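What follows is the content of input39.cif, which has mmCIF, C-alpha atoms:
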data_protein
#
loop_
_atom_site.label_atom_id
_atom_site.label_comp_id
_atom_site.auth_asym_id
_atom_site.auth_seq_id
_atom_site.Cartn_x
_atom_site.Cartn_y
_atom_site.Cartn_z
CA MET A 29 43.05 296.14 98.93
CA ASN A 30 46.72 295.75 99.76
CA LYS A 31 49.39 294.69 97.27
CA PHE A 32 49.61 291.10 98.52
CA LYS A 33 45.88 290.58 98.11
CA LYS A 34 45.97 291.96 94.55
CA ILE A 35 48.83 289.63 93.55
CA PHE A 36 47.06 286.64 95.14
CA LEU A 37 43.82 287.43 93.30
CA ALA A 38 45.63 287.85 89.98
CA ILE A 39 47.47 284.52 90.38
CA SER A 40 44.27 282.69 91.40
CA LEU A 41 42.29 284.08 88.46
CA SER A 42 44.97 283.29 85.89
CA THR A 43 45.38 279.77 87.31
CA CYS A 44 41.64 279.14 87.06
CA ILE A 45 41.51 280.39 83.46
CA PHE A 46 44.74 279.16 81.90
CA LEU A 47 45.63 275.95 83.76
CA PRO A 48 42.65 273.93 82.50
CA LEU A 49 43.29 275.12 78.92
CA ILE A 50 46.99 274.25 79.00
CA ALA A 51 46.39 270.99 80.81
CA SER A 52 43.57 269.89 78.52
CA ASN A 53 45.82 270.38 75.47
CA ALA A 54 48.58 268.38 77.11
CA LEU A 55 46.13 265.66 78.04
CA ALA A 56 44.69 265.52 74.52
CA ASP A 57 48.15 264.51 73.28
CA GLU A 58 48.47 261.91 76.00
CA GLU A 59 45.07 260.43 75.23
CA LYS A 60 46.23 259.39 71.75
CA GLY A 61 47.93 256.50 73.53
CA GLU A 62 51.66 256.52 73.92
CA TYR A 63 53.56 253.21 73.93
CA TYR A 64 55.11 252.89 77.37
CA GLU A 65 56.39 249.42 78.15
CA GLN A 66 56.64 248.45 81.78
CA VAL A 67 58.06 244.98 82.40
CA TYR A 68 57.09 243.73 85.83
CA LEU A 69 58.09 240.09 85.31
CA THR A 70 60.12 238.30 82.66
CA GLU A 71 58.91 234.87 81.51
CA LYS A 72 61.49 233.16 83.72
CA GLN A 73 60.55 235.25 86.78
CA ALA A 74 56.84 234.66 86.21
CA LEU A 75 57.28 230.90 85.89
CA THR A 76 59.47 230.77 89.00
CA MET A 77 56.85 232.77 90.87
CA VAL A 78 54.00 230.40 90.03
CA PHE A 79 55.78 227.05 89.90
CA ASP A 80 58.49 227.63 92.51
CA THR A 81 60.38 224.30 92.79
CA LEU A 82 58.13 222.30 90.44
CA LYS A 83 59.56 220.90 87.22
CA VAL A 84 58.22 223.06 84.36
CA GLU A 85 57.27 221.73 80.92
CA LYS A 86 56.10 223.86 77.99
CA LYS A 87 53.78 222.41 75.38
CA GLU A 88 51.93 223.88 72.42
CA ILE A 89 48.31 222.90 71.96
CA ILE A 90 46.79 223.44 68.52
CA LEU A 91 43.03 223.96 68.50
CA ASN A 92 40.85 222.03 66.14
CA PRO A 93 37.76 223.87 64.75
CA GLU A 94 35.41 222.04 67.14
CA GLN A 95 37.50 222.96 70.20
CA LYS A 96 37.72 226.57 69.03
CA LYS A 97 33.95 226.72 68.60
CA ILE A 98 33.32 225.36 72.12
CA ILE A 99 35.88 227.71 73.68
CA GLN A 100 34.41 230.73 71.87
CA LYS A 101 30.92 229.79 72.98
CA ARG A 102 32.03 229.51 76.59
CA LEU A 103 33.94 232.78 76.42
CA LYS A 104 31.09 234.47 74.50
CA ARG A 105 33.65 236.03 72.18
CA LYS A 106 35.74 235.18 69.17
CA ILE A 107 39.40 234.32 69.69
CA LYS A 108 42.08 234.95 67.11
CA GLU A 109 44.56 232.35 68.37
CA ASN A 110 44.67 228.88 66.87
CA SER A 111 47.19 227.53 69.36
CA PHE A 112 48.28 228.13 72.94
CA PHE A 113 51.36 227.36 75.01
CA ILE A 114 50.58 225.61 78.25
CA TYR A 115 53.10 225.38 81.08
CA THR A 116 52.83 222.37 83.38
CA GLY A 117 54.39 222.15 86.81
CA LYS A 118 55.17 218.59 87.89
CA LYS A 119 56.35 216.99 91.11
CA ASN A 120 57.31 213.30 91.07
CA ASN A 121 55.85 213.11 87.56
CA LYS A 122 52.45 214.20 88.85
CA VAL A 123 50.92 217.43 87.52
CA GLU A 124 50.42 219.96 90.31
CA LYS A 125 49.79 223.17 88.38
CA TYR A 126 49.12 224.64 84.97
CA ALA A 127 49.89 228.12 83.71
CA PHE A 128 49.19 230.23 80.64
CA ILE A 129 51.01 233.35 79.52
CA LEU A 130 48.42 235.33 77.62
CA ASP A 131 48.07 238.63 75.81
CA GLU A 132 44.90 240.67 75.93
CA GLN A 133 44.23 244.00 74.27
CA GLY A 134 44.29 246.88 76.73
CA LYS A 135 43.05 250.38 75.92
CA HIS A 136 45.60 250.95 73.15
CA PHE A 137 48.16 248.14 73.38
CA PRO A 138 48.15 244.51 74.50
CA MET A 139 49.16 243.53 78.01
CA THR A 140 50.88 240.28 78.93
CA PHE A 141 50.05 238.34 82.07
CA ILE A 142 50.38 234.92 83.63
CA VAL A 143 47.54 232.85 85.09
CA SER A 144 48.33 229.75 87.13
CA LEU A 145 45.73 227.13 87.95
CA ASN A 146 45.70 224.01 90.09
CA ASN A 147 45.03 220.56 88.65
CA LYS A 148 41.27 221.16 89.01
CA ALA A 149 41.40 224.35 86.90
CA SER A 150 40.90 226.74 89.81
CA VAL A 151 42.86 229.98 89.56
CA GLU A 152 45.78 230.19 91.96
CA GLN A 153 47.76 233.23 90.86
CA VAL A 154 47.43 236.04 88.36
CA ALA A 155 50.22 238.53 87.69
CA ILE A 156 50.86 241.23 85.11
CA MET A 157 54.12 240.64 83.26
CA VAL A 158 54.20 243.50 80.75
CA TYR A 159 51.99 246.58 80.67
CA ARG A 160 52.41 248.82 77.62
CA GLU A 161 50.53 251.98 78.45
CA LYS A 162 51.15 254.95 80.69
CA ARG A 163 47.82 254.81 82.45
CA GLY A 164 45.58 252.07 83.73
CA ASP A 165 48.17 249.81 85.32
CA GLY A 166 46.00 249.72 88.44
CA VAL A 167 45.08 246.20 87.33
CA LYS A 168 48.42 245.01 88.69
CA THR A 169 47.32 245.70 92.26
CA LYS A 170 46.68 242.79 94.61
CA ARG A 171 43.27 244.27 95.46
CA PHE A 172 42.17 243.57 91.90
CA LEU A 173 44.11 240.39 91.12
CA ASN A 174 43.18 238.62 94.38
CA GLN A 175 39.56 238.61 93.22
CA PHE A 176 40.44 235.87 90.74
CA LYS A 177 41.77 233.45 93.37
CA ASN A 178 39.90 230.13 93.44
CA LYS A 179 37.69 231.07 90.48
CA ASN A 180 36.87 228.12 88.29
CA GLY A 181 34.67 227.16 85.36
CA LYS A 182 31.53 227.33 87.50
CA ASP A 183 32.10 231.00 88.26
CA ALA A 184 31.00 233.78 85.91
CA ILE A 185 34.41 235.57 86.00
CA GLU A 186 32.85 238.73 84.63
CA ILE A 187 32.98 242.37 85.59
CA ASP A 188 29.91 243.42 87.58
CA ARG A 189 29.03 239.81 88.32
CA ASP A 190 31.81 238.45 90.49
CA ILE A 191 34.68 240.83 89.72
CA VAL A 192 34.84 244.53 90.61
CA HIS A 193 36.74 246.66 88.13
CA ILE A 194 39.47 249.16 88.95
CA THR A 195 38.56 252.82 88.61
CA GLY A 196 40.67 254.52 85.97
CA ALA A 197 41.51 251.17 84.38
CA THR A 198 38.09 250.04 83.18
CA ILE A 199 39.18 248.61 79.82
CA SER A 200 42.24 246.90 81.33
CA SER A 201 40.01 245.39 84.04
CA TRP A 202 37.66 244.01 81.38
CA SER A 203 40.58 242.61 79.38
CA MET A 204 42.24 240.99 82.39
CA THR A 205 38.95 239.41 83.42
CA SER A 206 38.41 238.05 79.90
CA GLY A 207 41.98 236.73 79.91
CA VAL A 208 41.65 234.92 83.22
CA LYS A 209 38.38 233.39 82.06
CA LYS A 210 40.14 232.28 78.89
CA ALA A 211 42.84 230.51 80.94
CA VAL A 212 40.19 228.66 83.00
CA VAL A 213 38.23 227.59 79.92
CA LEU A 214 41.39 226.53 78.05
CA THR A 215 42.48 224.35 80.98
CA GLU A 216 39.07 222.74 81.24
CA GLU A 217 38.58 222.22 77.50
CA LEU A 218 42.10 221.38 76.39
CA VAL A 219 43.67 219.68 79.39
CA LEU A 220 41.11 218.24 81.76
CA LYS A 221 38.52 217.13 79.21
CA MET B 30 23.19 295.38 111.55
CA LYS B 31 19.80 294.49 112.95
CA LYS B 32 19.42 291.22 114.81
CA SER B 33 16.78 289.99 112.37
CA THR B 34 19.04 290.77 109.39
CA ARG B 35 21.84 288.80 111.02
CA LEU B 36 19.50 285.92 111.64
CA ILE B 37 18.29 285.88 108.03
CA HIS B 38 21.92 286.08 106.87
CA LYS B 39 22.91 283.20 109.13
CA TRP B 40 20.14 280.85 108.02
CA THR B 41 20.51 281.75 104.33
CA GLY B 42 24.21 281.03 104.74
CA LEU B 43 23.49 277.70 106.40
CA LEU B 44 21.05 276.70 103.66
CA SER B 45 23.57 277.75 101.02
CA CYS B 46 26.20 275.62 102.73
CA VAL B 47 23.92 272.58 102.61
CA PHE B 48 23.21 273.34 98.94
CA ILE B 49 26.93 273.66 98.19
CA LEU B 50 27.53 270.34 99.97
CA VAL B 51 24.87 268.56 97.92
CA VAL B 52 26.01 270.11 94.62
CA SER B 53 29.72 269.48 95.25
CA ILE B 54 29.29 265.90 96.42
CA THR B 55 26.92 264.99 93.61
CA ALA B 56 29.24 266.67 91.07
CA ILE B 57 32.14 264.50 92.26
CA ALA B 58 29.89 261.43 92.24
CA LEU B 59 28.75 262.28 88.70
CA ASN B 60 32.31 262.56 87.43
CA HIS B 61 33.50 259.41 89.17
CA HIS B 62 30.45 257.15 89.20
CA ASP B 63 32.60 254.09 88.44
CA PHE B 64 34.74 254.82 91.52
CA PHE B 65 31.67 254.90 93.76
CA SER B 66 30.11 251.86 92.14
CA SER B 67 33.29 249.85 92.81
CA PHE B 68 32.51 250.10 96.54
CA GLY B 69 29.02 248.75 96.12
CA THR B 70 27.99 245.14 96.15
CA ILE B 71 27.51 243.47 92.82
CA LYS B 72 23.84 242.98 92.06
CA GLN B 73 22.72 240.38 89.61
CA ASP B 74 19.43 241.38 88.14
CA ASN B 75 18.13 238.88 85.64
CA THR B 76 14.59 240.17 85.56
CA PHE B 77 13.35 242.34 82.75
CA SER B 78 9.94 243.59 81.77
CA ASN B 79 8.68 245.40 78.72
CA SER B 80 8.27 248.61 80.71
CA GLN B 81 12.05 248.81 81.10
CA ILE B 82 12.74 248.77 77.37
CA LYS B 83 14.58 251.78 76.04
CA LYS B 84 16.26 250.28 72.98
CA MET B 85 14.83 247.39 71.01
CA ALA B 86 15.30 245.59 67.71
CA ILE B 87 13.26 242.97 65.94
CA ASP B 88 14.83 240.11 64.00
CA PRO B 89 13.89 240.59 60.32
CA PHE B 90 14.06 236.80 59.85
CA ASN B 91 11.92 235.95 62.88
CA ASN B 92 9.20 238.32 64.08
CA GLN B 93 9.08 236.69 67.50
CA HIS B 94 12.75 237.27 68.19
CA LEU B 95 13.47 240.56 69.95
CA ILE B 96 16.54 242.01 71.60
CA ALA B 97 16.06 244.84 74.05
CA SER B 98 17.94 246.85 76.60
CA ASP B 99 17.16 249.19 79.45
CA GLU B 100 20.07 251.29 78.07
CA ASP B 101 21.93 251.12 81.34
CA LYS B 102 23.40 247.74 82.14
CA SER B 103 21.47 244.96 80.56
CA LEU B 104 20.71 243.26 77.30
CA PHE B 105 17.85 240.80 76.97
CA SER B 106 16.56 238.49 74.29
CA SER B 107 13.02 237.26 73.76
CA ALA B 108 11.94 234.41 71.50
CA ASP B 109 8.20 235.01 71.99
CA SER B 110 7.57 238.68 71.10
CA GLY B 111 8.45 240.00 74.53
CA LYS B 112 6.45 237.64 76.76
CA ASN B 113 9.57 236.16 78.32
CA TRP B 114 13.03 237.65 78.44
CA LYS B 115 16.40 235.96 78.84
CA LYS B 116 19.53 237.86 79.80
CA LEU B 117 22.05 238.04 77.00
CA GLU B 118 25.66 238.07 78.10
CA LEU B 119 28.53 239.77 76.39
CA PHE B 120 32.18 239.40 77.36
CA VAL B 121 32.11 243.06 78.43
CA PRO B 122 29.55 244.77 80.70
CA THR B 123 26.66 246.05 78.60
CA TYR B 124 26.76 249.63 79.87
CA LYS B 125 24.93 252.34 77.95
CA VAL B 126 23.52 250.36 75.04
CA ASN B 127 22.67 252.97 72.44
CA ASN B 128 21.95 250.85 69.41
CA ILE B 129 20.84 247.31 68.65
CA SER B 130 20.54 246.29 64.99
CA PHE B 131 19.75 243.05 63.23
CA ASP B 132 21.40 242.72 59.87
CA PRO B 133 18.49 242.56 57.40
CA PHE B 134 20.69 240.71 54.88
CA LYS B 135 22.37 238.09 57.08
CA LYS B 136 20.45 235.81 59.41
CA ASP B 137 21.45 235.90 63.10
CA ASN B 138 23.82 238.84 62.55
CA ILE B 139 23.44 241.36 65.36
CA ILE B 140 25.32 244.62 65.81
CA LEU B 141 25.37 246.30 69.16
CA SER B 142 26.91 249.61 70.13
CA LEU B 143 27.75 250.60 73.67
CA ARG B 144 28.01 254.36 73.88
CA GLU B 145 31.32 254.51 75.77
CA ALA B 146 32.78 251.08 74.99
CA GLY B 147 32.55 250.12 71.34
CA VAL B 148 30.74 248.11 68.70
CA TYR B 149 30.16 244.37 69.04
CA ILE B 150 29.04 241.93 66.36
CA SER B 151 27.52 238.49 66.71
CA ASP B 152 26.89 236.22 63.75
CA ASP B 153 25.13 233.48 65.70
CA GLY B 154 22.19 235.30 67.26
CA GLY B 155 24.05 236.58 70.32
CA ASP B 156 26.04 233.61 71.67
CA VAL B 157 29.52 234.63 70.52
CA TRP B 158 30.54 238.27 70.04
CA ASP B 159 33.44 239.99 68.38
CA GLU B 160 34.60 243.54 68.93
CA LEU B 161 34.78 245.75 65.86
CA LYS B 162 38.06 247.66 65.93
CA LEU B 163 37.17 251.35 65.75
CA PRO B 164 39.34 254.17 64.41
CA PHE B 165 38.61 256.22 67.56
CA PHE B 166 38.27 255.58 71.30
CA PRO B 167 34.69 255.84 72.59
CA ASN B 168 35.87 255.82 76.20
CA GLU B 169 38.07 258.88 75.68
CA GLY B 170 35.50 261.55 75.00
CA GLU B 171 34.44 260.49 71.50
CA SER B 172 31.48 258.37 72.45
CA ILE B 173 29.20 256.73 69.90
CA ASP B 174 26.11 258.82 69.21
CA ASN B 175 24.53 256.71 66.53
CA LEU B 176 25.03 253.56 64.51
CA SER B 177 23.31 252.62 61.28
CA LEU B 178 23.58 249.44 59.34
CA GLY B 179 23.58 249.24 55.55
CA LYS B 180 24.01 246.34 53.16
CA ASP B 181 27.80 246.39 53.09
CA ASN B 182 28.53 249.11 55.54
CA ILE B 183 28.16 250.33 59.10
CA ILE B 184 27.94 254.05 59.75
CA ILE B 185 28.86 255.48 63.12
CA LYS B 186 28.34 259.07 64.12
CA THR B 187 30.25 260.63 66.99
CA ARG B 188 30.51 264.27 68.05
CA PHE B 189 33.73 264.61 66.05
CA GLY B 190 32.94 262.75 62.88
CA PHE B 191 31.16 260.35 60.66
CA TYR B 192 32.78 256.92 60.23
CA THR B 193 31.82 254.43 57.54
CA TYR B 194 33.00 250.82 57.76
CA ASN B 195 32.96 248.74 54.63
CA THR B 196 32.22 245.16 55.67
CA MET B 197 33.57 243.82 52.35
CA ASN B 198 37.08 245.29 52.40
CA LYS B 199 37.01 245.86 56.19
CA LYS B 200 38.21 249.46 55.90
CA TRP B 201 37.10 252.64 57.60
CA ASN B 202 36.35 255.91 55.88
CA LYS B 203 36.46 258.97 58.14
CA GLN B 204 34.70 262.26 57.62
CA LEU B 205 35.78 264.47 60.49
CA PHE B 206 33.69 267.54 61.18
CA ASP B 207 35.48 270.85 60.91
CA ALA B 208 36.29 272.81 64.04
CA ASN B 209 33.48 275.36 63.59
CA LEU B 210 30.93 272.63 63.10
CA LYS B 211 32.26 270.77 66.13
CA SER B 212 31.38 273.63 68.43
CA LYS B 213 27.92 273.91 66.88
CA ILE B 214 27.30 270.20 67.43
CA LEU B 215 27.45 270.69 71.19
CA SER B 216 23.88 271.40 72.20
CA ASN B 217 23.14 273.92 74.91
CA GLU B 218 22.34 271.08 77.29
CA GLU B 219 25.65 269.34 76.53
CA PHE B 220 27.52 272.61 76.87
CA ILE B 221 26.00 273.30 80.29
CA TYR B 222 26.65 269.68 81.39
CA ASN B 223 30.27 269.88 80.23
CA LEU B 224 30.71 273.25 81.92
CA HIS B 225 29.15 271.93 85.13
CA THR B 226 31.33 268.82 85.29
CA GLY B 227 34.55 270.39 84.00
CA LYS B 228 34.52 268.10 80.95
CA ILE B 229 34.70 271.16 78.76
CA PHE B 230 38.41 271.32 79.69
CA GLY B 231 38.98 267.59 79.21
CA ASN B 232 39.89 265.13 81.94
CA THR B 233 42.12 267.69 83.63
CA GLY B 234 39.12 269.97 83.95
CA ILE B 235 37.31 267.20 85.83
CA TYR B 236 40.15 266.93 88.33
CA ILE B 237 40.35 270.71 88.76
CA TYR B 238 36.60 270.81 89.38
CA ASP B 239 37.03 267.97 91.88
CA PHE B 240 39.67 269.98 93.69
CA ILE B 241 37.45 273.05 93.79
CA SER B 242 34.49 270.93 94.92
CA VAL B 243 36.53 269.49 97.78
CA GLY B 244 37.43 273.07 98.73
CA LEU B 245 33.75 274.08 98.68
CA ILE B 246 32.84 271.04 100.78
CA PHE B 247 35.47 272.07 103.32
CA LEU B 248 34.22 275.69 103.37
CA ALA B 249 30.60 274.56 103.70
CA ILE B 250 31.33 272.17 106.56
CA SER B 251 33.54 274.67 108.38
CA GLY B 252 30.90 277.39 107.81
CA ILE B 253 28.18 275.20 109.31
CA TYR B 254 30.46 274.31 112.22
CA LEU B 255 31.29 277.95 112.92
CA SER B 256 27.65 279.01 112.86
CA ILE B 257 26.55 276.17 115.14
CA LYS B 258 29.40 276.23 117.64
CA PRO B 259 28.74 278.39 120.72
CA LYS B 260 30.06 281.93 120.42
CA ARG B 261 32.83 283.17 122.68
CA LYS B 262 31.46 285.63 125.16
CA PHE B 263 33.31 288.82 125.99
CA ARG B 264 32.84 291.28 128.84
CA VAL B 265 33.35 294.93 128.08
CA ILE B 266 35.41 296.62 130.71
CA LEU B 267 35.62 300.32 130.71
CA ASP B 268 38.88 301.50 132.11
CA GLN B 269 37.65 304.25 134.39
CA SER B 270 41.05 305.43 135.42
CA LYS B 271 42.24 306.31 131.93
CA ASN B 272 40.49 307.03 128.69
CA HIS B 273 36.94 305.75 128.17
CA ASP B 274 37.73 305.09 124.49
CA ILE B 275 39.96 302.22 125.48
CA ILE B 276 37.85 299.19 125.72
CA GLN B 277 39.12 295.91 127.05
CA LEU B 278 37.52 292.73 125.90
CA LYS B 279 37.94 289.96 128.38
CA LYS B 280 37.12 286.38 127.52
CA LEU B 281 34.64 284.97 129.99
#
Please re-express this file's structure in structure tokens.
Amino acid sequence: MNKFKKIFLAISLSTCIFLPLIASNALADEEKGEYYEQVYLTEKQALTMVFDTLKVEKKEIILNPEQKKIIQKRLKRKIKENSFFIYTGKKNNKVEKYAFILDEQGKHFPMTFIVSLNNKASVEQVAIMVYREKRGDGVKTKRFLNQFKNKNGKDAIEIDRDIVHITGATISSWSMTSGVKKAVVLTEELVLK
Amino acid sequence: MKKSTRLIHKWTGLLSCVFILVVSITAIALNHHDFFSSFGTIKQDNTFSNSQIKKMAIDPFNNQHLIASDEDKSLFSSADSGKNWKKLELFVPTYKVNNISFDPFKKDNIILSLREAGVYISDDGGDVWDELKLPFFPNEGESIDNLSLGKDNIIIKTRFGFYTYNTMNKKWNKQLFDANLKSKILSNEEFIYNLHTGKIFGNTGIYIYDFISVGLIFLAISGIYLSIKPKRKFRVILDQSKNHDIIQLKKL
């Protein structure tokens, strides 16, 4: 065996033995969940994106216990919030669009996103505004977010039913889906009802 | 080498290549099943029969009320002792249900654990659920092995520790296993599975195994191609004018 072959074999063997050990230790630290804020859109940018030239109004809606109960039943989960801010886009004093800026818990930290809906509570746009983790931001891709377009209260809006999750961002996909469903239900229950 | 030996070697090699292909592809599929499933169409299966039951719990306040799961993707409820089943929806996919418990002290209180997702509690018989915040991450290697329900506490066992949740003061008490015990907890089967998938080295190990598997797939395919492709034929020309030891190989 010539010298080159011996060196190559030694490097290959040490890589196979030591790299996984070193890397797994490094990854163990990373898996604890490091705060890593990535701002994709500020509130102003997000509202401009969804409402464009429409006149925007912001209003706080406080839930009464009955409304909260109905919303929780439709969402199949408990919600901690007792009030929500709704953004309304008007043209000639007529409501054209609604939007919610919501927070949902990701794997370790919450993520902030905007959901805009038309005046019949069908989803028009969804965009991530702030993502606070190093991994899993695949949910910001159009491939994932476009699945929510035109979804309304008649749709399941659930992973494995009418939404396909993103590989490597399973928890974030679940959270985003729950958040979009929340926006649809809130519009139907608090605005259109 | 005899012709028959060569032939045996060739066909054993070909079979090994096919075996390597199957093992490497299935190993990648095993490590990344969610990636492959994301390409599939979404199936909605709302049918359930008693033969599919793998986990089940009976309501201590109503003997007719059962909740069952096929462990994989579904959770069903029956109000008539299992004659008819109705799909029970959570706000998360019900993958890998490993425990269903009815609270024997509170009516309509159900606790559900999903092996790699978390623990979910319903206090209205399964209509509205709430996620119990855990002191560990089940989707990051510390999956839930077991859940037991006491009067004022919930006990969860994972491969790294024993966690007790006091439902009164809503606090967790951790009892982490020591390092020596941790290694003993891994059964032979788990050890072999982790070694096979690369999980023994963490997530990085999985990616390194993927890389090696892709390499093996390439070698297997190229090996099959080389053995199937027609061989180059050479003509031996003996140079009569000079030395007979010099042999020229001419491509036909």
Box time for segment 125-128 of chain B: axis-aligned, enclosing all its listed atoms, 8 Å extra on each side; report centre and edge lengths in Å to one decimal, as JSON.
{"center_x": 23.4, "center_y": 251.7, "center_z": 73.7, "size_x": 19.0, "size_y": 18.6, "size_z": 24.5}
Counting only C-alpha atoms, the option among A:Val143, A:Leu91, A:Ala38, A:Ala197 closest to chain B: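 Checking each candidate against chain B, we get A:Ala197 as the closest.
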Please identify all polymer residues within 7 Å of Leu161 of chain B, counting all atoms listed in the file, omitting same-chain residues fewer than 6 positions from it, and present them as number ranges by chain. B: 148-150
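Close contacts of segment 81-91 of chain B, defined as residues with an atom at most 7 Å away when counting only C-alpha atoms, with chain neighbours fewer than 2 positions off set aside, comprise Phe77, Ser78, Asn79, Gln93, His94, Leu95, Ile96, Ala97, Ser98, Asp99, Glu100, Asn127, Asn128, Ile129, Ser130, Phe131, Pro133 and Lys136 of chain B.
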Could you save those same residues with C-alpha atoms as a compact mmCIF listing (two decimals), in the frame of the given file?
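After the write, selection_17.txt holds the following:
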# COMPACT_ATOMS: atom_id res chain seq x y z
CA PHE B 77 13.35 242.34 82.75
CA SER B 78 9.94 243.59 81.77
CA ASN B 79 8.68 245.40 78.72
CA GLN B 93 9.08 236.69 67.50
CA HIS B 94 12.75 237.27 68.19
CA LEU B 95 13.47 240.56 69.95
CA ILE B 96 16.54 242.01 71.60
CA ALA B 97 16.06 244.84 74.05
CA SER B 98 17.94 246.85 76.60
CA ASP B 99 17.16 249.19 79.45
CA GLU B 100 20.07 251.29 78.07
CA ASN B 127 22.67 252.97 72.44
CA ASN B 128 21.95 250.85 69.41
CA ILE B 129 20.84 247.31 68.65
CA SER B 130 20.54 246.29 64.99
CA PHE B 131 19.75 243.05 63.23
CA PRO B 133 18.49 242.56 57.40
CA LYS B 136 20.45 235.81 59.41
For atom CA of Val51 of chain B and atom CA of Phe247 of chain B, determine how far apart the two atoms are, in Å to one decimal place.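 Interatomic distance, atom CA of Val51 of chain B to atom CA of Phe247 of chain B: 12.4 Å.
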I'd like the interatomic distance between atom CA of Asn178 of chain A and atom CA of Val154 of chain A, to a tenth of an Å. 10.8 Å
From the options A:Ala149, A:Met204, A:Ala74, A:Leu218, which residue's atoms come nearest to chain B, counting only C-alpha atoms?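 Of all the options, A:Met204 lies closest to chain B.
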Hey, can you check how far atom CA of Ile54 of chain B sits from atom CA of Glu145 of chain B? 23.7 Å
Chain and number of each residue from the PyMOL selection byres ((chain A and resi 122-126) around 8), as a ChimeraX atom specification: /A:79,114-121,127-128,144-147,149,215
Could you write out that same residue set with C-alpha atoms as an mmCIF file, keeping the file's coordinate frame?
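Result file result.cif:
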data_model
loop_
_atom_site.group_PDB
_atom_site.id
_atom_site.type_symbol
_atom_site.label_atom_id
_atom_site.label_comp_id
_atom_site.auth_asym_id
_atom_site.auth_seq_id
_atom_site.Cartn_x
_atom_site.Cartn_y
_atom_site.Cartn_z
ATOM 1 C CA PHE A 79 55.780 227.050 89.900
ATOM 2 C CA ILE A 114 50.580 225.610 78.250
ATOM 3 C CA TYR A 115 53.100 225.380 81.080
ATOM 4 C CA THR A 116 52.830 222.370 83.380
ATOM 5 C CA GLY A 117 54.390 222.150 86.810
ATOM 6 C CA LYS A 118 55.170 218.590 87.890
ATOM 7 C CA LYS A 119 56.350 216.990 91.110
ATOM 8 C CA ASN A 120 57.310 213.300 91.070
ATOM 9 C CA ASN A 121 55.850 213.110 87.560
ATOM 10 C CA ALA A 127 49.890 228.120 83.710
ATOM 11 C CA PHE A 128 49.190 230.230 80.640
ATOM 12 C CA SER A 144 48.330 229.750 87.130
ATOM 13 C CA LEU A 145 45.730 227.130 87.950
ATOM 14 C CA ASN A 146 45.700 224.010 90.090
ATOM 15 C CA ASN A 147 45.030 220.560 88.650
ATOM 16 C CA ALA A 149 41.400 224.350 86.900
ATOM 17 C CA THR A 215 42.480 224.350 80.980
#
For Ile90 of chain A, list every protein, DNA or RNA residue within 7 Å, evaluated using only C-alpha atoms, and leave out those in the same chain fewer than 4 positions away; present the list as a PDB file with C-alpha atoms, in the coordinates of the input.
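Dumped everything to selection_6.pdb:
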ATOM      1  CA  ASN A 110      44.670 228.880  66.870  1.00  0.00           C
ATOM      2  CA  SER A 111      47.190 227.530  69.360  1.00  0.00           C
ATOM      3  CA  PHE A 112      48.280 228.130  72.940  1.00  0.00           C
TER       4      PHE A 112
END
Hits from the PyMOL selection byres ((chain B and resi 167-184) around 7), listed as a list in words: Asn128, Phe134, Arg144, Glu145, Ala146, Gly147, Phe165, Phe166, Ile185, Lys186, Thr187, Arg188, Phe189, Tyr192, Thr193, Tyr194, Asn195, Thr196 and Met197 of chain B
